[in-house]
>>> print(open('entry_29.txt').read())   # compact mmCIF, C-alpha atoms
# COMPACT_ATOMS: atom_id res chain seq x y z
CA MET A 15 0.00 0.00 0.00
CA ARG A 16 2.80 2.42 0.91
CA ARG A 17 4.52 1.65 -2.39
CA LEU A 18 1.30 2.38 -4.30
CA LEU A 19 0.82 5.66 -2.45
CA LEU A 20 4.41 6.63 -3.20
CA ILE A 21 3.94 5.90 -6.91
CA LEU A 22 0.71 7.90 -6.99
CA SER A 23 2.30 10.86 -5.23
CA VAL A 24 5.24 10.86 -7.66
CA CYS A 25 2.88 10.69 -10.65
CA CYS A 26 0.84 13.54 -9.21
CA ALA A 27 3.96 15.65 -8.72
CA LEU A 28 5.11 14.98 -12.28
CA HIS A 29 1.68 15.93 -13.60
CA VAL A 30 1.71 19.21 -11.69
CA SER A 31 5.26 20.05 -12.82
CA ALA A 32 4.26 19.31 -16.43
CA GLN A 33 1.68 22.08 -16.17
CA ILE A 34 4.31 24.71 -15.30
CA TYR A 35 6.66 26.41 -17.75
CA HIS A 36 9.54 28.38 -16.20
CA VAL A 37 10.27 31.66 -17.99
CA LYS A 38 13.92 32.64 -17.55
CA LYS A 39 14.80 36.27 -16.92
CA VAL A 40 17.40 37.94 -19.19
CA PRO A 41 18.98 41.42 -19.29
CA LYS A 42 16.88 44.21 -20.76
CA GLY A 43 17.50 44.72 -24.45
CA SER A 44 19.00 41.26 -24.99
CA VAL A 45 16.00 39.98 -26.97
CA LYS A 46 15.53 41.69 -30.32
CA ALA A 47 12.08 41.98 -31.87
CA GLY A 48 11.91 39.70 -34.87
CA ASP A 49 15.11 37.77 -34.18
CA MET A 50 13.03 34.59 -34.58
CA GLY A 51 15.04 32.79 -31.95
CA SER A 52 18.27 33.12 -33.93
CA THR A 53 20.27 34.97 -31.25
CA GLN A 54 22.22 33.16 -28.56
CA ILE A 55 20.05 34.55 -25.75
CA TRP A 56 17.30 32.08 -26.69
CA ALA A 57 19.54 29.20 -25.63
CA ARG A 58 18.64 30.19 -22.06
CA ALA A 59 14.96 29.45 -22.62
CA GLU A 60 13.38 26.14 -21.74
CA LEU A 61 12.00 24.39 -24.82
CA LEU A 62 8.45 23.10 -24.60
CA SER A 63 7.80 20.63 -27.41
CA ASP A 64 5.28 18.06 -26.15
CA PHE A 65 2.24 19.53 -27.91
CA ILE A 66 -0.49 17.03 -28.70
CA TYR A 67 -3.78 16.44 -30.48
CA PRO A 68 -5.87 15.98 -27.32
CA TRP A 69 -8.90 14.70 -29.22
CA ASP A 70 -7.16 12.62 -31.88
CA SER A 71 -5.11 9.45 -31.69
CA VAL A 72 -2.58 10.50 -34.36
CA ALA A 73 0.61 12.41 -33.62
CA ALA A 74 0.35 16.18 -33.97
CA PRO A 75 2.71 18.06 -36.31
CA ALA A 76 5.74 19.33 -34.41
CA THR A 77 5.15 22.49 -32.40
CA SER A 78 7.46 24.14 -29.89
CA PHE A 79 7.27 27.11 -27.55
CA ALA A 80 9.94 29.05 -25.69
CA ALA A 81 9.72 32.19 -23.58
CA LEU A 82 11.95 34.76 -21.90
CA CYS A 83 11.29 37.89 -19.88
CA ASP A 84 13.36 40.98 -19.07
CA GLY A 85 11.19 42.76 -16.53
CA ASP A 86 9.51 44.95 -19.14
CA TRP A 87 8.40 42.40 -21.73
CA LEU A 88 7.37 38.77 -21.96
CA TYR A 89 8.79 37.26 -25.15
CA GLY A 90 7.32 34.13 -26.71
CA LEU A 91 8.54 32.05 -29.63
CA PHE A 92 6.45 29.44 -31.44
CA ARG A 93 7.85 27.14 -34.13
CA ALA A 94 5.32 25.20 -36.18
CA THR A 95 6.13 22.43 -38.64
CA ASP A 96 3.64 22.66 -41.51
CA ASP A 97 4.02 21.44 -45.09
CA SER A 98 1.17 23.66 -46.29
CA VAL A 99 0.79 26.96 -44.42
CA ILE A 100 -2.64 28.47 -45.04
CA THR A 101 -3.66 32.06 -44.29
CA PHE A 102 -7.15 33.01 -45.39
CA VAL A 103 -7.30 36.56 -46.77
CA LYS A 104 -10.40 38.17 -48.26
CA ASP A 105 -11.02 41.52 -46.57
CA ASN A 106 -7.91 41.22 -44.39
CA ASN A 107 -9.82 41.72 -41.16
CA LYS A 108 -8.90 40.06 -37.90
CA MET A 109 -11.73 37.53 -38.01
CA GLU A 110 -10.03 35.84 -40.96
CA VAL A 111 -7.35 34.60 -38.57
CA GLY A 112 -9.96 32.08 -37.39
CA ALA A 113 -9.75 30.32 -40.77
CA SER A 114 -5.95 30.32 -40.92
CA ASP A 115 -2.98 28.40 -39.57
CA ARG A 116 -2.22 29.99 -36.22
CA VAL A 117 -0.78 29.71 -32.75
CA GLU A 118 -2.58 30.95 -29.67
CA ILE A 119 -2.06 32.07 -26.11
CA PHE A 120 -5.03 32.45 -23.75
CA LEU A 121 -4.65 34.17 -20.37
CA LYS A 122 -6.97 34.02 -17.37
CA LYS A 123 -7.01 35.50 -13.88
CA ASP A 124 -8.61 32.46 -12.25
CA ASP A 125 -10.81 29.48 -13.00
CA SER A 126 -13.96 31.60 -13.17
CA MET A 127 -12.60 32.94 -16.50
CA ASN A 128 -14.54 36.14 -16.01
CA PRO A 129 -12.90 37.59 -17.98
CA TYR A 130 -10.11 35.89 -19.90
CA TYR A 131 -8.06 37.13 -22.84
CA CYS A 132 -7.18 35.48 -26.14
CA LEU A 133 -4.50 36.12 -28.73
CA GLU A 134 -4.83 34.01 -31.86
CA MET A 135 -1.92 34.83 -34.18
CA ASP A 136 -1.62 33.57 -37.74
CA ALA A 137 1.42 32.79 -39.87
CA ASP A 138 1.25 36.26 -41.47
CA GLY A 139 1.38 38.02 -38.09
CA ARG A 140 -2.27 39.04 -37.95
CA VAL A 141 -3.92 38.75 -34.55
CA LEU A 142 -7.45 37.87 -33.53
CA ASP A 143 -7.45 39.46 -30.08
CA TYR A 144 -10.51 39.50 -27.85
CA ASP A 145 -11.66 39.22 -24.29
CA ALA A 146 -14.31 36.75 -23.23
CA PHE A 147 -16.42 35.55 -20.32
CA TYR A 148 -17.16 31.97 -19.43
CA TYR A 149 -18.68 30.20 -21.22
CA ARG A 150 -17.47 31.29 -24.71
CA LYS A 151 -18.96 34.78 -24.56
CA MET A 152 -16.47 36.44 -26.89
CA ASN A 153 -16.08 40.19 -27.30
CA TYR A 154 -14.34 40.47 -30.66
CA PRO A 155 -14.27 44.31 -30.90
CA TRP A 156 -11.86 44.35 -27.93
CA HIS A 157 -8.15 44.85 -28.65
CA TRP A 158 -5.02 44.28 -26.62
CA PRO A 159 -3.84 47.67 -25.27
CA ASP A 160 -2.20 49.78 -27.97
CA GLY A 161 1.55 49.49 -28.23
CA GLN A 162 1.70 46.65 -25.72
CA LEU A 163 1.83 43.72 -28.16
CA ILE A 164 4.40 43.07 -30.90
CA ILE A 165 4.15 40.16 -33.35
CA LYS A 166 6.73 39.09 -35.94
CA THR A 167 6.62 36.06 -38.23
CA SER A 168 8.85 34.22 -40.64
CA ARG A 169 8.14 31.41 -43.09
CA THR A 170 10.58 28.52 -43.18
CA ARG A 171 11.09 25.56 -45.50
CA HIS A 172 9.18 23.41 -43.02
CA GLY A 173 6.50 25.76 -41.66
CA TYR A 174 6.60 29.06 -39.82
CA ILE A 175 7.97 30.85 -36.76
CA LEU A 176 6.03 33.38 -34.74
CA GLN A 177 7.59 35.62 -32.13
CA PHE A 178 5.57 37.86 -29.84
CA ALA A 179 6.29 40.35 -27.09
CA ILE A 180 3.69 41.36 -24.49
CA SER A 181 4.45 44.22 -22.14
CA ILE A 182 4.61 43.29 -18.48
CA GLN A 183 2.69 46.48 -17.69
CA SER A 184 -0.29 45.37 -19.80
CA LEU A 185 -0.35 42.01 -18.03
CA LYS A 186 -0.41 43.81 -14.69
CA ASP A 187 -3.05 46.31 -15.83
CA LEU A 188 -5.33 43.45 -16.89
CA GLY A 189 -4.81 41.73 -13.55
CA LEU A 190 -3.20 38.69 -15.15
CA LEU A 191 0.28 38.70 -13.64
CA MET A 192 0.15 37.74 -9.98
CA ASP A 193 3.20 36.89 -7.90
CA GLY A 194 5.20 36.31 -11.06
CA ARG A 195 2.72 33.79 -12.43
CA LEU A 196 0.51 33.78 -15.50
CA GLN A 197 -2.28 31.26 -16.01
CA ALA A 198 -1.92 30.51 -19.70
CA GLY A 199 -3.09 28.16 -22.40
CA LEU A 200 -0.77 27.49 -25.33
CA PHE A 201 -2.43 26.21 -28.47
CA ARG A 202 -2.18 25.78 -32.22
CA ALA A 203 -4.84 25.48 -34.91
CA GLU A 204 -3.64 23.47 -37.89
CA CYS A 205 -5.62 24.40 -41.01
CA LYS A 206 -5.85 21.34 -43.23
CA GLY A 207 -7.92 23.02 -45.95
CA PHE A 208 -11.55 23.96 -46.50
CA ILE A 209 -14.69 21.84 -46.60
CA ASN A 210 -17.85 23.48 -47.97
CA GLY A 211 -16.30 26.89 -47.42
CA ARG A 212 -15.32 26.25 -43.79
CA ALA A 213 -11.80 25.77 -42.48
CA ASP A 214 -10.97 22.19 -41.50
CA LEU A 215 -8.93 22.64 -38.34
CA GLY A 216 -6.89 20.33 -36.15
CA TRP A 217 -6.62 21.42 -32.51
CA ILE A 218 -3.21 21.17 -30.84
CA SER A 219 -2.50 21.90 -27.17
CA TRP A 220 0.26 21.99 -24.57
CA ILE A 221 -2.10 20.44 -22.02
CA ARG A 222 -4.83 17.84 -22.46
CA PRO A 223 -8.09 19.61 -21.52
CA LYS A 224 -10.66 17.61 -19.59
CA THR A 225 -13.31 17.86 -22.28
CA GLU A 226 -14.89 15.26 -24.53
CA HIS A 227 -14.84 17.48 -27.61
CA PRO A 228 -12.31 20.07 -28.84
CA ASP A 229 -12.49 23.10 -26.55
CA PHE A 230 -9.75 25.44 -25.34
CA HIS A 231 -12.20 27.78 -23.59
CA THR A 232 -12.18 25.82 -20.36
CA PRO A 233 -10.09 26.09 -17.16
CA SER A 234 -8.54 22.65 -17.63
CA ALA A 235 -6.80 23.81 -20.84
CA PHE A 236 -4.53 26.19 -18.92
CA GLY A 237 -1.17 25.73 -17.27
CA THR A 238 1.15 28.23 -15.60
CA LEU A 239 3.96 30.41 -16.91
CA GLU A 240 6.21 31.11 -13.94
CA LEU A 241 8.36 34.20 -14.54
CA GLU A 242 11.76 34.18 -12.92
CA GLN A 243 11.87 36.85 -10.24
CA THR A 244 15.63 37.14 -9.72
CA SER A 245 18.02 39.28 -11.71
CA PRO A 246 20.04 37.49 -14.41
CA ASP A 247 23.07 37.43 -12.08
CA GLY A 248 21.02 35.54 -9.47
CA SER A 249 20.61 38.44 -7.06
CA PRO A 250 17.14 39.31 -5.71
CA ASN A 251 15.10 41.92 -7.54
CA LYS A 252 14.95 45.33 -6.01
CA LYS A 253 11.46 46.41 -5.05
>>> encode(input="entry_29.txt", output="structure tokens")
Amino acid sequence: MRRLLLILSVCCALHVSAQIYHVKKVPKGSVKAGDMGSTQIWARAELLSDFIYPWDSVAAPATSFAALCDGDWLYGLFRATDDSVITFVKDNNKMEVGASDRVEIFLKKDDSMNPYYCLEMDADGRVLDYDAFYYRKMNYPWHWPDGQLIIKTSRTRHGYILQFAISIQSLKDLGLLMDGRLQAGLFRAECKGFINGRADLGWISWIRPKTEHPDFHTPSAFGTLELEQTSPDGSPNKK
């Protein structure tokens, strides 16, 4: 019995740790907008690559995420393997992102999800940004605060890279950053083509949500981004 309890406790601990991504702190100015992860500073970031199709038995196309912070900005870097990148453009409005290949980050204050905030970013760098209230009450006219979000993209031979920067101040103003932690969902929508005029999408996630059908708009789809609170030299931050 004791052995069984020990095994269960270890499994539980591993599960909890798998839901936390540690964001390393780097000196201000060391991350360049649009460097696409090519500079040496990104070697400090932890690489998250175990994205899955939660509602499909096949392996998901390779997706990775890395993040850094410098006290002023949270930097994120998605890499998506895709042999046919699709971006739907008709009127070039933000709603067209919903029919395109994209990566996503959702942010919530708590499990009530009232409100929560969504950034769906396509391979051309367009963003479908909105706030929402549980359950799935989306407010699409909303925009992330002006000047507080930067998105850069690059196509590769094997897919695309998307780099974003979100100001720490905007995260604080929205009440999302608490004690150095962000409750975040990391997702990808893989556009396979169109069927009867509608995008055929595969839903990829960092975490396996506890839902029977595809749904990222639920508390169980979120993990935690834990921002390093010490200075890059290891000394405590000054208040």
>>> residues_around(input="entry_29.txt", residues="region 107-120 of chain A", least_positions_apart="6", cutoff="10 Å", atoms="only C-alpha atoms", output="mmCIF file with C-alpha atoms, keeping the file's coordinate frame")
data_model
loop_
_atom_site.group_PDB
_atom_site.id
_atom_site.type_symbol
_atom_site.label_atom_id
_atom_site.label_comp_id
_atom_site.auth_asym_id
_atom_site.auth_seq_id
_atom_site.Cartn_x
_atom_site.Cartn_y
_atom_site.Cartn_z
ATOM 1 C CA THR A 77 5.150 22.490 -32.400
ATOM 2 C CA PHE A 79 7.270 27.110 -27.550
ATOM 3 C CA GLY A 90 7.320 34.130 -26.710
ATOM 4 C CA PHE A 92 6.450 29.440 -31.440
ATOM 5 C CA ARG A 93 7.850 27.140 -34.130
ATOM 6 C CA ALA A 94 5.320 25.200 -36.180
ATOM 7 C CA ASP A 96 3.640 22.660 -41.510
ATOM 8 C CA SER A 98 1.170 23.660 -46.290
ATOM 9 C CA VAL A 99 0.790 26.960 -44.420
ATOM 10 C CA ILE A 100 -2.640 28.470 -45.040
ATOM 11 C CA THR A 101 -3.660 32.060 -44.290
ATOM 12 C CA TYR A 130 -10.110 35.890 -19.900
ATOM 13 C CA TYR A 131 -8.060 37.130 -22.840
ATOM 14 C CA CYS A 132 -7.180 35.480 -26.140
ATOM 15 C CA LEU A 133 -4.500 36.120 -28.730
ATOM 16 C CA GLU A 134 -4.830 34.010 -31.860
ATOM 17 C CA MET A 135 -1.920 34.830 -34.180
ATOM 18 C CA ASP A 136 -1.620 33.570 -37.740
ATOM 19 C CA ALA A 137 1.420 32.790 -39.870
ATOM 20 C CA ASP A 138 1.250 36.260 -41.470
ATOM 21 C CA GLY A 139 1.380 38.020 -38.090
ATOM 22 C CA ARG A 140 -2.270 39.040 -37.950
ATOM 23 C CA VAL A 141 -3.920 38.750 -34.550
ATOM 24 C CA LEU A 142 -7.450 37.870 -33.530
ATOM 25 C CA ASP A 143 -7.450 39.460 -30.080
ATOM 26 C CA TYR A 144 -10.510 39.500 -27.850
ATOM 27 C CA ASP A 145 -11.660 39.220 -24.290
ATOM 28 C CA TYR A 154 -14.340 40.470 -30.660
ATOM 29 C CA PRO A 155 -14.270 44.310 -30.900
ATOM 30 C CA TYR A 174 6.600 29.060 -39.820
ATOM 31 C CA ILE A 175 7.970 30.850 -36.760
ATOM 32 C CA LEU A 176 6.030 33.380 -34.740
ATOM 33 C CA GLN A 197 -2.280 31.260 -16.010
ATOM 34 C CA ALA A 198 -1.920 30.510 -19.700
ATOM 35 C CA GLY A 199 -3.090 28.160 -22.400
ATOM 36 C CA LEU A 200 -0.770 27.490 -25.330
ATOM 37 C CA PHE A 201 -2.430 26.210 -28.470
ATOM 38 C CA ARG A 202 -2.180 25.780 -32.220
ATOM 39 C CA ALA A 203 -4.840 25.480 -34.910
ATOM 40 C CA GLU A 204 -3.640 23.470 -37.890
ATOM 41 C CA CYS A 205 -5.620 24.400 -41.010
ATOM 42 C CA LYS A 206 -5.850 21.340 -43.230
ATOM 43 C CA GLY A 207 -7.920 23.020 -45.950
ATOM 44 C CA PHE A 208 -11.550 23.960 -46.500
ATOM 45 C CA GLY A 211 -16.300 26.890 -47.420
ATOM 46 C CA ARG A 212 -15.320 26.250 -43.790
ATOM 47 C CA ALA A 213 -11.800 25.770 -42.480
ATOM 48 C CA ASP A 214 -10.970 22.190 -41.500
ATOM 49 C CA LEU A 215 -8.930 22.640 -38.340
ATOM 50 C CA GLY A 216 -6.890 20.330 -36.150
ATOM 51 C CA ILE A 218 -3.210 21.170 -30.840
ATOM 52 C CA SER A 219 -2.500 21.900 -27.170
ATOM 53 C CA PHE A 230 -9.750 25.440 -25.340
ATOM 54 C CA HIS A 231 -12.200 27.780 -23.590
ATOM 55 C CA ALA A 235 -6.800 23.810 -20.840
ATOM 56 C CA PHE A 236 -4.530 26.190 -18.920
#
>>> atom_distance(input="entry_29.txt", atom1="CA of Leu163 (chain A)", atom2="CA of Ile180 (chain A)")
4.7 Å
>>> residues_around(input="entry_29.txt", residues="Ala81 (chain A)", least_positions_apart="3", cutoff="12 Å", atoms="all atoms listed in the file", output="PyMOL selection string")
chain A and resi 35-40+45+50-51+55-62+78+84+87-93+176-180+200+239-242
>>> atom_distance(input="entry_29.txt", atom1="CA of Ala146 (chain A)", atom2="CA of Lys123 (chain A)")
11.9 Å
>>> atom_distance(input="entry_29.txt", atom1="CA of Gly48 (chain A)", atom2="CA of Trp158 (chain A)")
19.4 Å
>>> axis_aligned_box(input="entry_29.txt", around="region 210-214 of chain A", padding_each_side="3 Å", output="JSON")
{"center_x": -14.4, "center_y": 24.5, "center_z": -44.7, "size_x": 12.9, "size_y": 10.7, "size_z": 12.5}
>>> closest_residue(input="entry_29.txt", among="A:Pro68, A:Pro228, A:Pro129, A:Gly85", to="Gly194 (chain A)", atoms="all atoms listed in the file")
A:Gly85
>>> closest_residue(input="entry_29.txt", among="A:Leu121, A:Lys151, A:Gly237, A:Asp160", to="Leu191 (chain A)", atoms="only C-alpha atoms")
A:Leu121
